[in-house]
>>> print(open('structure-v5.cif').read())   # mmCIF, C-alpha atoms and all ligand atoms
data_target
loop_
_atom_site.group_PDB
_atom_site.id
_atom_site.type_symbol
_atom_site.label_atom_id
_atom_site.label_comp_id
_atom_site.auth_asym_id
_atom_site.auth_seq_id
_atom_site.Cartn_x
_atom_site.Cartn_y
_atom_site.Cartn_z
ATOM 1 C CA MET A 19 -20.800 -6.315 11.498
ATOM 2 C CA ASN A 20 -19.104 -9.007 9.480
ATOM 3 C CA ASP A 21 -16.123 -10.520 11.309
ATOM 4 C CA ASP A 22 -14.543 -11.434 7.967
ATOM 5 C CA ASN A 23 -13.485 -7.808 7.668
ATOM 6 C CA ILE A 24 -10.102 -6.981 9.163
ATOM 7 C CA LEU A 25 -10.838 -3.319 8.663
ATOM 8 C CA ALA A 26 -13.709 -1.261 7.405
ATOM 9 C CA LEU A 27 -14.630 2.329 6.704
ATOM 10 C CA GLU A 28 -18.371 2.798 7.006
ATOM 11 C CA ASN A 29 -19.881 5.839 5.316
ATOM 12 C CA VAL A 30 -16.757 7.928 5.911
ATOM 13 C CA SER A 31 -16.520 11.546 4.824
ATOM 14 C CA LYS A 32 -13.557 13.867 5.073
ATOM 15 C CA PHE A 33 -13.764 17.611 4.627
ATOM 16 C CA PHE A 34 -10.915 20.092 4.320
ATOM 17 C CA GLY A 35 -12.750 23.348 4.887
ATOM 18 C CA LYS A 36 -15.212 23.477 1.996
ATOM 19 C CA VAL A 37 -13.433 20.755 0.005
ATOM 20 C CA ILE A 38 -15.142 17.357 0.220
ATOM 21 C CA ALA A 39 -12.273 14.913 -0.273
ATOM 22 C CA LEU A 40 -14.316 11.819 0.716
ATOM 23 C CA ASN A 41 -18.083 11.669 0.565
ATOM 24 C CA GLY A 42 -19.775 8.761 2.367
ATOM 25 C CA VAL A 43 -17.209 6.125 1.387
ATOM 26 C CA THR A 44 -17.602 2.525 2.535
ATOM 27 C CA LEU A 45 -14.619 0.217 2.096
ATOM 28 C CA ARG A 46 -14.424 -3.234 3.677
ATOM 29 C CA LEU A 47 -11.200 -5.224 3.603
ATOM 30 C CA LYS A 48 -11.679 -8.961 4.028
ATOM 31 C CA ARG A 49 -9.038 -10.987 5.834
ATOM 32 C CA GLY A 50 -6.374 -12.264 3.455
ATOM 33 C CA GLU A 51 -7.639 -10.486 0.348
ATOM 34 C CA VAL A 52 -5.966 -8.092 -2.052
ATOM 35 C CA HIS A 53 -8.396 -5.204 -2.378
ATOM 36 C CA CYS A 54 -7.586 -2.743 -5.155
ATOM 37 C CA LEU A 55 -8.564 0.871 -4.745
ATOM 38 C CA LEU A 56 -8.770 2.524 -8.124
ATOM 39 C CA GLY A 57 -9.324 6.132 -8.982
ATOM 40 C CA ASP A 58 -8.072 8.948 -11.135
ATOM 41 C CA ASN A 59 -6.228 12.083 -9.988
ATOM 42 C CA GLY A 60 -8.109 13.905 -7.265
ATOM 43 C CA ALA A 61 -10.461 10.962 -6.627
ATOM 44 C CA GLY A 62 -9.587 10.963 -2.935
ATOM 45 C CA LYS A 63 -7.171 8.012 -2.827
ATOM 46 C CA SER A 64 -4.487 9.799 -0.765
ATOM 47 C CA THR A 65 -7.081 11.095 1.675
ATOM 48 C CA LEU A 66 -8.481 7.606 2.072
ATOM 49 C CA ILE A 67 -5.029 6.085 2.651
ATOM 50 C CA LYS A 68 -4.186 8.729 5.224
ATOM 51 C CA THR A 69 -7.477 8.098 6.986
ATOM 52 C CA LEU A 70 -6.746 4.370 7.181
ATOM 53 C CA ALA A 71 -3.163 5.060 8.285
ATOM 54 C CA GLY A 72 -4.205 7.277 11.189
ATOM 55 C CA VAL A 73 -2.915 10.540 9.676
ATOM 56 C CA HIS A 74 -6.418 12.014 9.200
ATOM 57 C CA ALA A 75 -9.429 11.464 11.419
ATOM 58 C CA PRO A 76 -12.697 11.031 9.472
ATOM 59 C CA SER A 77 -14.993 14.089 9.621
ATOM 60 C CA SER A 78 -17.900 11.644 9.906
ATOM 61 C CA GLY A 79 -18.524 7.903 9.631
ATOM 62 C CA ASP A 80 -16.869 4.956 11.341
ATOM 63 C CA TYR A 81 -13.506 3.253 11.122
ATOM 64 C CA LEU A 82 -13.472 -0.311 12.421
ATOM 65 C CA VAL A 83 -10.582 -2.702 12.956
ATOM 66 C CA ASP A 84 -11.502 -6.333 13.676
ATOM 67 C CA GLY A 85 -15.093 -5.130 13.970
ATOM 68 C CA GLU A 86 -14.277 -2.617 16.736
ATOM 69 C CA PRO A 87 -14.485 1.169 16.268
ATOM 70 C CA VAL A 88 -11.089 2.901 16.404
ATOM 71 C CA HIS A 89 -10.013 6.547 16.681
ATOM 72 C CA PHE A 90 -6.365 6.933 15.798
ATOM 73 C CA ASP A 91 -4.525 10.035 17.002
ATOM 74 C CA SER A 92 -1.354 9.142 15.094
ATOM 75 C CA PRO A 93 -0.013 6.715 12.469
ATOM 76 C CA LYS A 94 1.852 4.923 15.279
ATOM 77 C CA GLU A 95 -1.470 3.816 16.772
ATOM 78 C CA ALA A 96 -2.479 2.256 13.439
ATOM 79 C CA LEU A 97 0.924 0.617 13.129
ATOM 80 C CA ASP A 98 0.606 -0.833 16.630
ATOM 81 C CA LEU A 99 -2.523 -2.643 15.393
ATOM 82 C CA GLY A 100 -0.532 -4.028 12.441
ATOM 83 C CA ILE A 101 -1.780 -1.549 9.832
ATOM 84 C CA ALA A 102 1.313 -0.573 7.839
ATOM 85 C CA THR A 103 1.357 1.938 4.996
ATOM 86 C CA VAL A 104 4.055 2.059 2.339
ATOM 87 C CA TYR A 105 3.948 5.523 0.752
ATOM 88 C CA GLN A 106 5.370 6.377 -2.631
ATOM 89 C CA ASP A 107 8.444 8.037 -1.132
ATOM 90 C CA LEU A 108 9.114 4.717 0.699
ATOM 91 C CA ALA A 109 10.731 6.433 3.736
ATOM 92 C CA LEU A 110 14.203 5.142 2.871
ATOM 93 C CA VAL A 111 17.535 6.904 3.477
ATOM 94 C CA PRO A 112 19.594 6.673 0.251
ATOM 95 C CA LEU A 113 23.040 6.873 1.873
ATOM 96 C CA LEU A 114 22.340 4.239 4.514
ATOM 97 C CA SER A 115 22.899 0.560 3.801
ATOM 98 C CA VAL A 116 20.231 -1.940 2.794
ATOM 99 C CA ALA A 117 20.481 -3.511 6.267
ATOM 100 C CA ARG A 118 20.150 -0.165 8.115
ATOM 101 C CA ASN A 119 17.170 0.766 5.955
ATOM 102 C CA PHE A 120 15.586 -2.600 6.598
ATOM 103 C CA PHE A 121 15.734 -2.113 10.365
ATOM 104 C CA MET A 122 15.544 1.700 10.418
ATOM 105 C CA GLY A 123 16.112 2.408 14.094
ATOM 106 C CA ARG A 124 15.128 -1.085 15.227
ATOM 107 C CA GLU A 125 18.563 -2.656 14.632
ATOM 108 C CA PRO A 126 19.556 -5.618 16.807
ATOM 109 C CA GLN A 127 21.909 -4.603 19.634
ATOM 110 C CA LYS A 128 24.985 -6.195 21.159
ATOM 111 C CA LYS A 129 27.069 -5.361 24.232
ATOM 112 C CA ARG A 130 30.517 -3.880 23.745
ATOM 113 C CA PHE A 131 33.048 -4.720 26.521
ATOM 114 C CA GLY A 132 30.040 -6.165 28.334
ATOM 115 C CA LEU A 133 28.938 -2.599 29.035
ATOM 116 C CA PHE A 134 27.305 -0.453 26.376
ATOM 117 C CA SER A 135 24.813 -1.453 23.748
ATOM 118 C CA VAL A 136 25.847 -0.896 20.162
ATOM 119 C CA MET A 137 24.167 -1.859 16.899
ATOM 120 C CA ASP A 138 24.949 -5.390 15.799
ATOM 121 C CA LEU A 139 25.504 -4.512 12.154
ATOM 122 C CA ASP A 140 26.642 -8.016 11.175
ATOM 123 C CA LEU A 141 23.495 -9.580 12.592
ATOM 124 C CA ALA A 142 21.436 -6.836 10.923
ATOM 125 C CA ALA A 143 23.119 -7.628 7.586
ATOM 126 C CA VAL A 144 22.569 -11.389 7.858
ATOM 127 C CA THR A 145 18.972 -11.022 9.063
ATOM 128 C CA SER A 146 17.995 -8.497 6.398
ATOM 129 C CA ARG A 147 19.550 -10.587 3.638
ATOM 130 C CA THR A 148 17.773 -13.756 4.867
ATOM 131 C CA LYS A 149 14.410 -12.059 5.346
ATOM 132 C CA LEU A 150 14.583 -10.382 1.949
ATOM 133 C CA ALA A 151 15.582 -13.688 0.309
ATOM 134 C CA GLU A 152 12.513 -15.334 1.909
ATOM 135 C CA MET A 153 10.416 -12.767 0.049
ATOM 136 C CA GLY A 154 12.240 -13.542 -3.211
ATOM 137 C CA ILE A 155 14.538 -10.472 -3.108
ATOM 138 C CA ASN A 156 18.201 -11.320 -3.480
ATOM 139 C CA VAL A 157 20.629 -8.701 -2.209
ATOM 140 C CA ARG A 158 24.284 -9.207 -3.041
ATOM 141 C CA ASP A 159 25.686 -7.027 -0.276
ATOM 142 C CA PRO A 160 23.404 -5.817 2.534
ATOM 143 C CA HIS A 161 26.082 -3.199 3.404
ATOM 144 C CA GLN A 162 25.628 -1.440 0.034
ATOM 145 C CA PRO A 163 23.844 1.934 0.167
ATOM 146 C CA ILE A 164 20.169 1.604 -0.670
ATOM 147 C CA GLY A 165 20.636 4.392 -3.219
ATOM 148 C CA THR A 166 22.384 1.829 -5.457
ATOM 149 C CA MET A 167 19.246 -0.344 -5.691
ATOM 150 C CA SER A 168 16.684 0.017 -8.473
ATOM 151 C CA GLY A 169 13.273 1.577 -7.899
ATOM 152 C CA GLY A 170 11.588 -1.823 -7.918
ATOM 153 C CA GLU A 171 14.079 -3.303 -5.438
ATOM 154 C CA LYS A 172 13.549 -0.372 -3.086
ATOM 155 C CA GLN A 173 9.785 -0.762 -3.310
ATOM 156 C CA CYS A 174 10.141 -4.478 -2.532
ATOM 157 C CA LEU A 175 12.422 -3.725 0.417
ATOM 158 C CA ALA A 176 9.917 -1.277 1.899
ATOM 159 C CA ILE A 177 7.137 -3.872 1.587
ATOM 160 C CA ALA A 178 9.281 -6.721 2.978
ATOM 161 C CA ARG A 179 10.274 -4.497 5.915
ATOM 162 C CA ALA A 180 6.639 -3.813 6.785
ATOM 163 C CA ILE A 181 5.861 -7.535 6.644
ATOM 164 C CA HIS A 182 8.885 -8.432 8.794
ATOM 165 C CA PHE A 183 7.815 -5.960 11.465
ATOM 166 C CA GLY A 184 4.392 -7.488 11.850
ATOM 167 C CA ALA A 185 2.011 -5.932 9.327
ATOM 168 C CA ARG A 186 -1.403 -7.649 9.242
ATOM 169 C CA VAL A 187 -2.696 -5.094 6.786
ATOM 170 C CA LEU A 188 -0.486 -3.608 4.079
ATOM 171 C CA ILE A 189 -1.609 -0.383 2.456
ATOM 172 C CA LEU A 190 0.390 0.197 -0.703
ATOM 173 C CA ASP A 191 0.248 3.638 -2.260
ATOM 174 C CA GLU A 192 0.744 3.262 -6.029
ATOM 175 C CA PRO A 193 3.694 0.865 -5.604
ATOM 176 C CA THR A 194 4.111 0.316 -9.347
ATOM 177 C CA ALA A 195 3.528 3.907 -10.487
ATOM 178 C CA ALA A 196 7.137 4.761 -11.330
ATOM 179 C CA LEU A 197 8.271 1.298 -12.426
ATOM 180 C CA GLY A 198 8.898 -0.439 -15.743
ATOM 181 C CA VAL A 199 7.260 -3.718 -16.770
ATOM 182 C CA LYS A 200 9.728 -6.157 -15.195
ATOM 183 C CA GLN A 201 10.007 -4.266 -11.911
ATOM 184 C CA SER A 202 6.248 -3.862 -11.654
ATOM 185 C CA PHE A 203 5.949 -7.601 -12.129
ATOM 186 C CA ASN A 204 8.343 -8.201 -9.211
ATOM 187 C CA VAL A 205 6.305 -5.919 -6.960
ATOM 188 C CA LEU A 206 3.073 -7.673 -7.998
ATOM 189 C CA LYS A 207 4.715 -11.033 -7.219
ATOM 190 C CA LEU A 208 5.606 -9.733 -3.763
ATOM 191 C CA ILE A 209 2.027 -8.603 -3.146
ATOM 192 C CA HIS A 210 0.921 -12.106 -4.112
ATOM 193 C CA LYS A 211 3.438 -13.543 -1.630
ATOM 194 C CA ALA A 212 2.152 -11.256 1.118
ATOM 195 C CA ARG A 213 -1.348 -12.572 0.480
ATOM 196 C CA GLU A 214 -0.067 -16.155 0.693
ATOM 197 C CA LYS A 215 1.256 -15.274 4.138
ATOM 198 C CA GLY A 216 -2.291 -14.293 5.130
ATOM 199 C CA ILE A 217 -1.651 -10.554 5.012
ATOM 200 C CA SER A 218 -4.550 -8.403 3.834
ATOM 201 C CA VAL A 219 -3.585 -5.822 1.239
ATOM 202 C CA ILE A 220 -5.058 -2.553 0.016
ATOM 203 C CA PHE A 221 -3.408 -1.847 -3.311
ATOM 204 C CA ILE A 222 -3.921 1.722 -4.506
ATOM 205 C CA THR A 223 -3.353 2.292 -8.177
ATOM 206 C CA HIS A 224 -4.770 3.884 -11.275
ATOM 207 C CA ASN A 225 -3.382 1.057 -13.422
ATOM 208 C CA VAL A 226 -6.121 -1.479 -14.077
ATOM 209 C CA HIS A 227 -3.642 -3.778 -15.873
ATOM 210 C CA HIS A 228 -1.674 -4.085 -12.631
ATOM 211 C CA ALA A 229 -4.697 -4.308 -10.373
ATOM 212 C CA TYR A 230 -6.839 -6.808 -12.215
ATOM 213 C CA PRO A 231 -4.537 -9.872 -12.298
ATOM 214 C CA ILE A 232 -3.740 -9.645 -8.592
ATOM 215 C CA GLY A 233 -6.917 -8.218 -7.017
ATOM 216 C CA ASP A 234 -9.688 -10.195 -5.344
ATOM 217 C CA SER A 235 -11.947 -7.166 -5.196
ATOM 218 C CA PHE A 236 -12.013 -3.646 -6.552
ATOM 219 C CA THR A 237 -13.348 -0.399 -5.171
ATOM 220 C CA LEU A 238 -13.583 2.510 -7.557
ATOM 221 C CA LEU A 239 -13.346 6.069 -6.288
ATOM 222 C CA ASN A 240 -14.531 9.019 -8.302
ATOM 223 C CA ARG A 241 -14.446 12.589 -6.986
ATOM 224 C CA GLY A 242 -14.571 11.496 -3.390
ATOM 225 C CA ARG A 243 -17.377 8.982 -3.845
ATOM 226 C CA SER A 244 -17.211 5.218 -4.078
ATOM 227 C CA MET A 245 -18.680 3.854 -7.289
ATOM 228 C CA GLY A 246 -18.986 0.485 -5.563
ATOM 229 C CA THR A 247 -16.972 -2.584 -4.677
ATOM 230 C CA PHE A 248 -16.846 -5.507 -7.068
ATOM 231 C CA THR A 249 -15.400 -8.964 -6.595
ATOM 232 C CA LYS A 250 -13.380 -10.307 -9.496
ATOM 233 C CA ASP A 251 -16.073 -12.786 -10.528
ATOM 234 C CA THR A 252 -18.594 -9.963 -10.925
ATOM 235 C CA ILE A 253 -16.605 -7.536 -13.075
ATOM 236 C CA SER A 254 -14.318 -7.870 -16.096
ATOM 237 C CA LYS A 255 -11.130 -5.926 -16.684
ATOM 238 C CA ASN A 256 -12.788 -3.967 -19.476
ATOM 239 C CA GLU A 257 -15.671 -3.033 -17.226
ATOM 240 C CA VAL A 258 -13.235 -1.720 -14.596
ATOM 241 C CA LEU A 259 -11.405 0.245 -17.297
ATOM 242 C CA ASP A 260 -14.678 1.639 -18.537
ATOM 243 C CA MET A 261 -15.786 2.753 -15.081
ATOM 244 C CA MET A 262 -12.432 4.389 -14.410
ATOM 245 C CA ALA A 263 -12.423 6.268 -17.664
ATOM 246 C CA GLY A 264 -16.013 7.362 -17.227
ATOM 247 C CA GLY A 265 -17.471 4.999 -19.856
ATOM 248 C CA ALA A 266 -19.621 7.085 -22.176
ATOM 249 C CA GLU A 267 -17.452 10.190 -21.704
ATOM 250 C CA MET A 268 -14.406 8.239 -22.885
ATOM 251 C CA GLN A 269 -16.250 6.774 -25.895
ATOM 252 C CA GLN A 270 -17.253 10.278 -26.932
ATOM 253 C CA MET A 271 -13.690 11.575 -26.596
ATOM 254 C CA MET A 272 -12.292 8.632 -28.576
ATOM 255 C CA SER A 273 -14.672 9.255 -31.462
ATOM 256 C CA GLU A 274 -13.818 12.972 -31.388
ATOM 257 C CA LEU A 275 -10.093 12.128 -31.524
ATOM 258 C CA GLU A 276 -10.626 9.639 -34.330
ATOM 259 C CA GLY A 277 -12.371 12.317 -36.384
ATOM 260 C CA ALA A 278 -9.656 14.932 -35.705
ATOM 261 C CA THR A 279 -6.589 15.491 -37.887
ATOM 262 C CA ILE A 280 -3.494 15.625 -35.715
HETATM 263 N N1 LIG B 1 -4.949 18.761 3.183
HETATM 264 C C1 LIG B 1 -5.836 19.131 2.262
HETATM 265 N N2 LIG B 1 -6.392 20.365 2.282
HETATM 266 C C2 LIG B 1 -7.299 20.754 1.362
HETATM 267 N N3 LIG B 1 -7.723 19.960 0.355
HETATM 268 C C3 LIG B 1 -7.208 18.732 0.270
HETATM 269 C C4 LIG B 1 -6.235 18.238 1.208
HETATM 270 N N4 LIG B 1 -5.901 16.962 0.867
HETATM 271 C C5 LIG B 1 -6.634 16.669 -0.229
HETATM 272 N N5 LIG B 1 -7.409 17.722 -0.587
HETATM 273 C C6 LIG B 1 -8.351 17.755 -1.728
HETATM 274 O O1 LIG B 1 -9.159 16.597 -1.680
HETATM 275 C C7 LIG B 1 -9.382 16.086 -2.988
HETATM 276 C C8 LIG B 1 -8.892 14.630 -3.075
HETATM 277 O O2 LIG B 1 -7.460 14.633 -3.036
HETATM 278 P P1 LIG B 1 -6.548 13.332 -2.889
HETATM 279 O O3 LIG B 1 -5.132 13.819 -2.825
HETATM 280 O O4 LIG B 1 -7.042 12.503 -1.781
HETATM 281 O O5 LIG B 1 -6.827 12.605 -4.287
HETATM 282 P P2 LIG B 1 -5.976 11.452 -5.011
HETATM 283 O O6 LIG B 1 -6.990 10.497 -5.564
HETATM 284 O O7 LIG B 1 -4.953 10.911 -4.112
HETATM 285 O O8 LIG B 1 -5.302 12.228 -6.197
HETATM 286 P P3 LIG B 1 -3.824 12.022 -6.860
HETATM 287 O O9 LIG B 1 -3.873 10.700 -7.565
HETATM 288 O O10 LIG B 1 -3.762 13.189 -7.803
HETATM 289 O O11 LIG B 1 -2.839 12.109 -5.759
HETATM 290 C C9 LIG B 1 -8.676 17.022 -3.950
HETATM 291 O O12 LIG B 1 -9.618 17.949 -4.424
HETATM 292 C C10 LIG B 1 -7.646 17.707 -3.077
HETATM 293 O O13 LIG B 1 -7.334 18.986 -3.558
#
>>> encode(input="structure-v5.cif", output="structure tokens")
Amino acid sequence: MNDDNILALENVSKFFGKVIALNGVTLRLKRGEVHCLLGDNGAGKSTLIKTLAGVHAPSSGDYLVDGEPVHFDSPKEALDLGIATVYQDLALVPLLSVARNFFMGREPQKKRFGLFSVMDLDLAAVTSRTKLAEMGINVRDPHQPIGTMSGGEKQCLAIARAIHFGARVLILDEPTAALGVKQSFNVLKLIHKAREKGISVIFITHNVHHAYPIGDSFTLLNRGRSMGTFTKDTISKNEVLDMMAGGAEMQQMMSELEGATI
């Protein structure tokens, strides 16, 4: 086993009754790389994320972290090894402040009257603002409800929070899916920053234009199977696009559309 890999799935399958969601998938994440996982609807991306995150156990195959086999019974066990997943719903509470969402139950404490512990909301506000600023996210008032932030800002906060609490591996589930151009760019910048900090990233997306500029390697999933992993120097953006769209199939459809009167 190659020690360069911080985590690896080796020949992993996942069945839900008769449905084969993953079929013999191998995915190896090198330390410090951004590895893009691309696939269309139903390709098995969510199942793969949940397997990595400790939500699903593989039906067969091996899951290795730092070269050692692991069997997670819960997402907490993955998190304890520094494998953090940011899902599309971001797990934020809209009415709570930016600072409370940043800490989410892990707020710093202080003693009141030298007796009971209460949340130190001022320290939480200062710390969250500083930590977010370090990641290039400027928050005017950390006491403002998170619901007042834009989609891109919320996505960045969820990523920055995972990094602050010790993620070694960040699994990002379509972080740019619902965002406009500028906000997507900010999220991509943050992923780049995470990589500079030595964090390994799995970036799930179906947007090749977002994946290609930032990815070091690309794994393509199609109907539960891996179509292979390619490093950036071995595949062009157009080739990735072609593989995603199903190459010949897409060409055929395009010529049919061109011939049609709409
Ligand atoms: N809990 C489950 N029970 C039964 N079938 C499931 C379950 N989870 C996923 N599947 C099936 O496994 C296949 C892969 O689904 P998955 O959600 O992993 O794909 P995906 O690439 O994330 O798709 P999308 O982009 O549409 O979310 C699909 O056929 C899906 O219906």
>>> residues_near_ligand(input="structure-v5.cif", ligand="ligand LIG 1 (chain B)", cutoff="12 Å", atoms="only C-alpha atoms and all ligand atoms", output="ChimeraX atom specification")
/A:31-41,55-69,73-75,105-106,191-192,195,222-225,238-244
>>> residues_around(input="structure-v5.cif", residues="A:Val219", least_positions_apart="4", cutoff="12 Å", atoms="all atoms listed in the file", output="PDB file with C-alpha atoms, in the frame of the given file")
ATOM      1  CA  ASN A  23     -13.485  -7.808   7.668  1.00  0.00           C
ATOM      2  CA  ILE A  24     -10.102  -6.981   9.163  1.00  0.00           C
ATOM      3  CA  LEU A  25     -10.838  -3.319   8.663  1.00  0.00           C
ATOM      4  CA  ARG A  46     -14.424  -3.234   3.677  1.00  0.00           C
ATOM      5  CA  LEU A  47     -11.200  -5.224   3.603  1.00  0.00           C
ATOM      6  CA  LYS A  48     -11.679  -8.961   4.028  1.00  0.00           C
ATOM      7  CA  ARG A  49      -9.038 -10.987   5.834  1.00  0.00           C
ATOM      8  CA  GLY A  50      -6.374 -12.264   3.455  1.00  0.00           C
ATOM      9  CA  GLU A  51      -7.639 -10.486   0.348  1.00  0.00           C
ATOM     10  CA  VAL A  52      -5.966  -8.092  -2.052  1.00  0.00           C
ATOM     11  CA  HIS A  53      -8.396  -5.204  -2.378  1.00  0.00           C
ATOM     12  CA  CYS A  54      -7.586  -2.743  -5.155  1.00  0.00           C
ATOM     13  CA  LEU A  55      -8.564   0.871  -4.745  1.00  0.00           C
ATOM     14  CA  GLY A 100      -0.532  -4.028  12.441  1.00  0.00           C
ATOM     15  CA  ILE A 101      -1.780  -1.549   9.832  1.00  0.00           C
ATOM     16  CA  ALA A 102       1.313  -0.573   7.839  1.00  0.00           C
ATOM     17  CA  THR A 103       1.357   1.938   4.996  1.00  0.00           C
ATOM     18  CA  VAL A 104       4.055   2.059   2.339  1.00  0.00           C
ATOM     19  CA  ILE A 177       7.137  -3.872   1.587  1.00  0.00           C
ATOM     20  CA  ALA A 180       6.639  -3.813   6.785  1.00  0.00           C
ATOM     21  CA  ILE A 181       5.861  -7.535   6.644  1.00  0.00           C
ATOM     22  CA  ALA A 185       2.011  -5.932   9.327  1.00  0.00           C
ATOM     23  CA  ARG A 186      -1.403  -7.649   9.242  1.00  0.00           C
ATOM     24  CA  VAL A 187      -2.696  -5.094   6.786  1.00  0.00           C
ATOM     25  CA  LEU A 188      -0.486  -3.608   4.079  1.00  0.00           C
ATOM     26  CA  ILE A 189      -1.609  -0.383   2.456  1.00  0.00           C
ATOM     27  CA  LEU A 190       0.390   0.197  -0.703  1.00  0.00           C
ATOM     28  CA  ASP A 191       0.248   3.638  -2.260  1.00  0.00           C
ATOM     29  CA  LEU A 206       3.073  -7.673  -7.998  1.00  0.00           C
ATOM     30  CA  LEU A 208       5.606  -9.733  -3.763  1.00  0.00           C
ATOM     31  CA  ILE A 209       2.027  -8.603  -3.146  1.00  0.00           C
ATOM     32  CA  HIS A 210       0.921 -12.106  -4.112  1.00  0.00           C
ATOM     33  CA  LYS A 211       3.438 -13.543  -1.630  1.00  0.00           C
ATOM     34  CA  ALA A 212       2.152 -11.256   1.118  1.00  0.00           C
ATOM     35  CA  ARG A 213      -1.348 -12.572   0.480  1.00  0.00           C
ATOM     36  CA  GLU A 214      -0.067 -16.155   0.693  1.00  0.00           C
ATOM     37  CA  LYS A 215       1.256 -15.274   4.138  1.00  0.00           C
ATOM     38  CA  ALA A 229      -4.697  -4.308 -10.373  1.00  0.00           C
ATOM     39  CA  ILE A 232      -3.740  -9.645  -8.592  1.00  0.00           C
ATOM     40  CA  GLY A 233      -6.917  -8.218  -7.017  1.00  0.00           C
ATOM     41  CA  ASP A 234      -9.688 -10.195  -5.344  1.00  0.00           C
ATOM     42  CA  SER A 235     -11.947  -7.166  -5.196  1.00  0.00           C
ATOM     43  CA  PHE A 236     -12.013  -3.646  -6.552  1.00  0.00           C
TER      44      PHE A 236
END
>>> closest_residue(input="structure-v5.cif", among="A:Leu175, A:Ile253, A:Val226, A:Met167", to="A:Glu152", atoms="all atoms listed in the file")
A:Leu175
>>> residues_near_point(input="structure-v5.cif", point="(-18.8, 9.0, 4.5)", cutoff="7 Å", atoms="only C-alpha atoms", output="number ranges by chain")
A: 28-31, 40-44, 78-79
>>> atom_distance(input="structure-v5.cif", atom1="atom CA of A:Ile217", atom2="atom CA of A:Gly154")
16.4 Å
>>> atom_distance(input="structure-v5.cif", atom1="atom CA of A:Leu108", atom2="atom CA of A:Ser168")
12.8 Å
>>> axis_aligned_box(input="structure-v5.cif", around="stretch 60-63 of chain A", padding_each_side="3 Å", output="lines of an AutoDock Vina configuration file")
center_x = -8.8
center_y = 11.0
center_z = -5.0
size_x = 9.3
size_y = 11.9
size_z = 10.4
>>> residues_around(input="structure-v5.cif", residues="A:Gly198", least_positions_apart="6", cutoff="12 Å", atoms="only C-alpha atoms", output="NGL selection string")
:A and (168-171 or 204-205 or 228)
>>> build_atoms(input="structure-v5.cif", residues="stretch 71-85 of chain A", atoms="N, CA and C atoms", output="PDB file, in the coordinates of the input")
ATOM      1  N   ALA A  71      -4.476   5.124   7.627  1.00  0.00           N
ATOM      2  CA  ALA A  71      -3.163   5.060   8.285  1.00  0.00           C
ATOM      3  C   ALA A  71      -3.119   5.834   9.594  1.00  0.00           C
ATOM      4  N   GLY A  72      -4.195   6.536   9.918  1.00  0.00           N
ATOM      5  CA  GLY A  72      -4.205   7.277  11.189  1.00  0.00           C
ATOM      6  C   GLY A  72      -3.637   8.680  11.093  1.00  0.00           C
ATOM      7  N   VAL A  73      -3.407   9.164   9.848  1.00  0.00           N
ATOM      8  CA  VAL A  73      -2.915  10.540   9.676  1.00  0.00           C
ATOM      9  C   VAL A  73      -4.089  11.513   9.793  1.00  0.00           C
ATOM     10  N   HIS A  74      -5.200  11.193   9.123  1.00  0.00           N
ATOM     11  CA  HIS A  74      -6.418  12.014   9.200  1.00  0.00           C
ATOM     12  C   HIS A  74      -7.469  11.282  10.018  1.00  0.00           C
ATOM     13  N   ALA A  75      -8.241  12.049  10.783  1.00  0.00           N
ATOM     14  CA  ALA A  75      -9.429  11.464  11.419  1.00  0.00           C
ATOM     15  C   ALA A  75     -10.608  11.731  10.484  1.00  0.00           C
ATOM     16  N   PRO A  76     -11.534  10.768  10.324  1.00  0.00           N
ATOM     17  CA  PRO A  76     -12.697  11.031   9.472  1.00  0.00           C
ATOM     18  C   PRO A  76     -13.512  12.198  10.027  1.00  0.00           C
ATOM     19  N   SER A  77     -14.096  13.017   9.150  1.00  0.00           N
ATOM     20  CA  SER A  77     -14.993  14.089   9.621  1.00  0.00           C
ATOM     21  C   SER A  77     -16.300  13.473  10.105  1.00  0.00           C
ATOM     22  N   SER A  78     -16.737  12.392   9.424  1.00  0.00           N
ATOM     23  CA  SER A  78     -17.900  11.644   9.906  1.00  0.00           C
ATOM     24  C   SER A  78     -17.781  10.204   9.415  1.00  0.00           C
ATOM     25  N   GLY A  79     -18.587   9.324   9.990  1.00  0.00           N
ATOM     26  CA  GLY A  79     -18.524   7.903   9.631  1.00  0.00           C
ATOM     27  C   GLY A  79     -17.660   7.129  10.613  1.00  0.00           C
ATOM     28  N   ASP A  80     -17.576   5.825  10.388  1.00  0.00           N
ATOM     29  CA  ASP A  80     -16.869   4.956  11.341  1.00  0.00           C
ATOM     30  C   ASP A  80     -15.699   4.245  10.696  1.00  0.00           C
ATOM     31  N   TYR A  81     -14.678   4.043  11.522  1.00  0.00           N
ATOM     32  CA  TYR A  81     -13.506   3.253  11.122  1.00  0.00           C
ATOM     33  C   TYR A  81     -13.437   2.084  12.093  1.00  0.00           C
ATOM     34  N   LEU A  82     -13.495   0.872  11.554  1.00  0.00           N
ATOM     35  CA  LEU A  82     -13.472  -0.311  12.421  1.00  0.00           C
ATOM     36  C   LEU A  82     -12.282  -1.202  12.095  1.00  0.00           C
ATOM     37  N   VAL A  83     -11.644  -1.712  13.130  1.00  0.00           N
ATOM     38  CA  VAL A  83     -10.582  -2.702  12.956  1.00  0.00           C
ATOM     39  C   VAL A  83     -11.008  -3.942  13.737  1.00  0.00           C
ATOM     40  N   ASP A  84     -11.000  -5.093  13.073  1.00  0.00           N
ATOM     41  CA  ASP A  84     -11.502  -6.333  13.676  1.00  0.00           C
ATOM     42  C   ASP A  84     -12.912  -6.139  14.238  1.00  0.00           C
ATOM     43  N   GLY A  85     -13.700  -5.346  13.572  1.00  0.00           N
ATOM     44  CA  GLY A  85     -15.093  -5.130  13.970  1.00  0.00           C
ATOM     45  C   GLY A  85     -15.289  -4.122  15.090  1.00  0.00           C
TER      46      GLY A  85
END
